[in-house]
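Only one structure is covered here, and it is reproduced in the block below.
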Amino acid sequence: SVTGVQTCALPIYGADPTGVSNSTDAFNLAIAQINANSGGALIIPTGTYTVGKDALVVGSGWVATQLTEFFECDNPGVVEGNGAVIKYADGLHFGVFNTTTGAPVVTTTPYFGVGAADPGQCFKFSGCANVTIRNLEIDGNITNFVIGGQWGDTGWQLGHVGFSFYGCKQAVADNIYVHNFGVDGFIIEGRYYDGASWIQLDLETEQYPHEIRNIKSNYNGRQGCSWTGGNRVIMTNCEFAHTGKNGVVQSSPSAGIDIEPNSPEFCANGTFVNCYFYDNYGVGILTVGDVSNCTFVNCTSIGTTNSSLWNPGTYMKYLGCYCNGKIFYPGPISGSMEKTHSKFYGCRIAMVSADSPTTSIFGNYCE
């Protein structure tokens with residue numbers, strides 16, 4: 001049980017902890033009950049649960065039964081995993097397919113046409129006040145999907161994500177292994193879609209703390225984490241590795257973490273402690289756009305096939321960090337040097353192949 005909130009135990013709704021039967025409908029019934037109560041706890045007993053379903057609808061293509069989002073819950077909400085594994089089913093469809101036959105098609109990006117298919121996000125929280133997700137393995141299983149053509153501006157810009165916080169006023173994620181998703185391991189954004197329009201939090205005057213602890217986000221197609229808007233994020237003891245290296249799909253920028261706000265949002269006041277970024281197809285730590293006041297403490301970033309760090313943000317600090325592999329833009333792209341340049345205190349900046357998990361280091365110098 002979870003103290004202080006109404007609980008929805010997953011077995012009541014018919015979930016199968018052996019993974020033999022598909023538990024998508026059971027998850028959706030439980031989440032619908034939590035939404036009806038504007039909060040509550042989803043209790044997932046130890047076991048393996050298969051989720052994700054799709055079917056061919058002639059004229060529309062592959063249509064998925066996606067997991068329901070936690071939506072506008074004003075009361076506390078908890079997903080208690082108890083060490084369970086949530087795994088997407090084999091044979092689901094990701095990419096662009098013929099809408100009549102269901103066969104994969106070849107596309108040239110940018111492509112925003114018909115035929116896109118994906119099984120959706122696993123745990124999505126939108127407009128919630130106080131949520132926690134913990135003690136889970138979330139397996140996107142992208143290597144056992146049927147892969148179609150690319151969709152979006154580049155790569156596969158679709159919706160297969162491990163977990164996400166959209167426009168939440170406070171969120172906690174703890175002790176989660178999220179891996180092998182077609183897009184991102186997880187997303188943090190300062191707004192959410194209510195079905196008609198985007199609802200933007202007041203990030204200018206309010207801080208909405210998100211605490212991300214003990215997360216491993218590996219082998220995802222686009223990002224280990226996308227932080228696309230928010231004020232005050234704390235990540236501790238997290239690992240972001242092998243993005244874009246699942247052998248099936250890879251989409252730009254394929255970073256360990258991509259701190260890149262969607263307009264008109266911004267990302268500010270991020271703190272990263274004892275985090276490890278390594279062997280990503282793209283940059284280990286990528287900051288783009290209106291990003292400011294982020295501090296990295298005792299973090300390690302190793303660039304094997306791309307830079308360890310790309311840093312055009314303002315008021316960025318690195319304390320006791322180790323960056324191995326080429327660094328782009330340690331100073332400002334434009335503006336006052338004193339105001340905008342990054343500051344490195346007690347850091348080691350190196351090009352040492354012996355410290356690389358693959359014995360390869362990107363580049364031959366640091367800017």
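Going through the structure tokens in order, the chains are called A, B, and so on, while each chain numbers its residues from 1 and the ligands are numbered from 1 in the order shown.
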Selection near region 218-231 of chain A, 8 Å with only C-alpha atoms, sequence-local residues under 3 positions removed, as a VMD selection string: chain A and resid 178 to 191 203 206 to 209 239 to 246 249 to 262 265 to 270
Ile138 (chain A) environment, 10 Å, only C-alpha atoms, sequence neighbours closer than 6 positions dropped, as a VMD selection string: chain A and resid 48 to 49 81 84 to 88 122 to 123 161 to 163 176 to 181 185 217
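Residue nearest Ala350 (chain A) within the list A:Met316, A:Val114, A:Val248, A:Leu309: A:Leu309 [criterion: smallest interatomic distance, only C-alpha atoms].
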Strand (DSSP E or B) per DSSP on the backbone: members of region 126-327 of chain A, as a ChimeraX atom specification: /A:126,131-139,146-147,149,151-152,156,163-166,171-179,184-189,191-193,198-200,210-218,223-227,230-236,239-241,255-259,267-273,276-278,285-287,291-292,295-297,300-302,309-310,314,317-319,322-324,327
Give me, as a Markdown table, the closest atom pair and its distance (Å, one decimal) for every residue of region 170-230 of chain A within a cut-off of 12 Å of region 53-69 of chain A, counting only C-alpha atoms, rows sorted by chain and rising number.
| residue | atom | partner | partner_atom | distance |
| --- | --- | --- | --- | --- |
| A:Tyr192 | CA | A:Glu69 | CA | 11.4 |
| A:Tyr193 | CA | A:Glu69 | CA | 11.3 |
| A:Asp194 | CA | A:Glu69 | CA | 11.3 |
Kindly export the residues of the current selection with C-alpha atoms, as an mmCIF file, in the first residue's frame.
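The resulting again07.cif:
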data_model
loop_
_atom_site.group_PDB
_atom_site.id
_atom_site.type_symbol
_atom_site.label_atom_id
_atom_site.label_comp_id
_atom_site.auth_asym_id
_atom_site.auth_seq_id
_atom_site.Cartn_x
_atom_site.Cartn_y
_atom_site.Cartn_z
ATOM 1 C CA TYR A 192 0.748 20.031 -21.359
ATOM 2 C CA TYR A 193 -1.942 19.551 -23.978
ATOM 3 C CA ASP A 194 -5.510 19.513 -22.639
#
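Of the listed residues (A:Val291, A:Ile34, A:Ala196, A:Leu42), A:Leu42 comes nearest to Asn82 (chain A); the distances count only C-alpha atoms.
Across the model, the gap from CA of Glu211 (chain A) to CA of Tyr315 (chain A) is 21.1 Å.
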For Asp90 (chain A): contacts at 10 Å, only C-alpha atoms, fewer than 5 positions along chain excluded, given as a list in words: Thr50, Val51, Gly52, Lys53, Gly140, Asn141, Ile142, Thr143, Asn144, Phe145 and Val146 of chain A
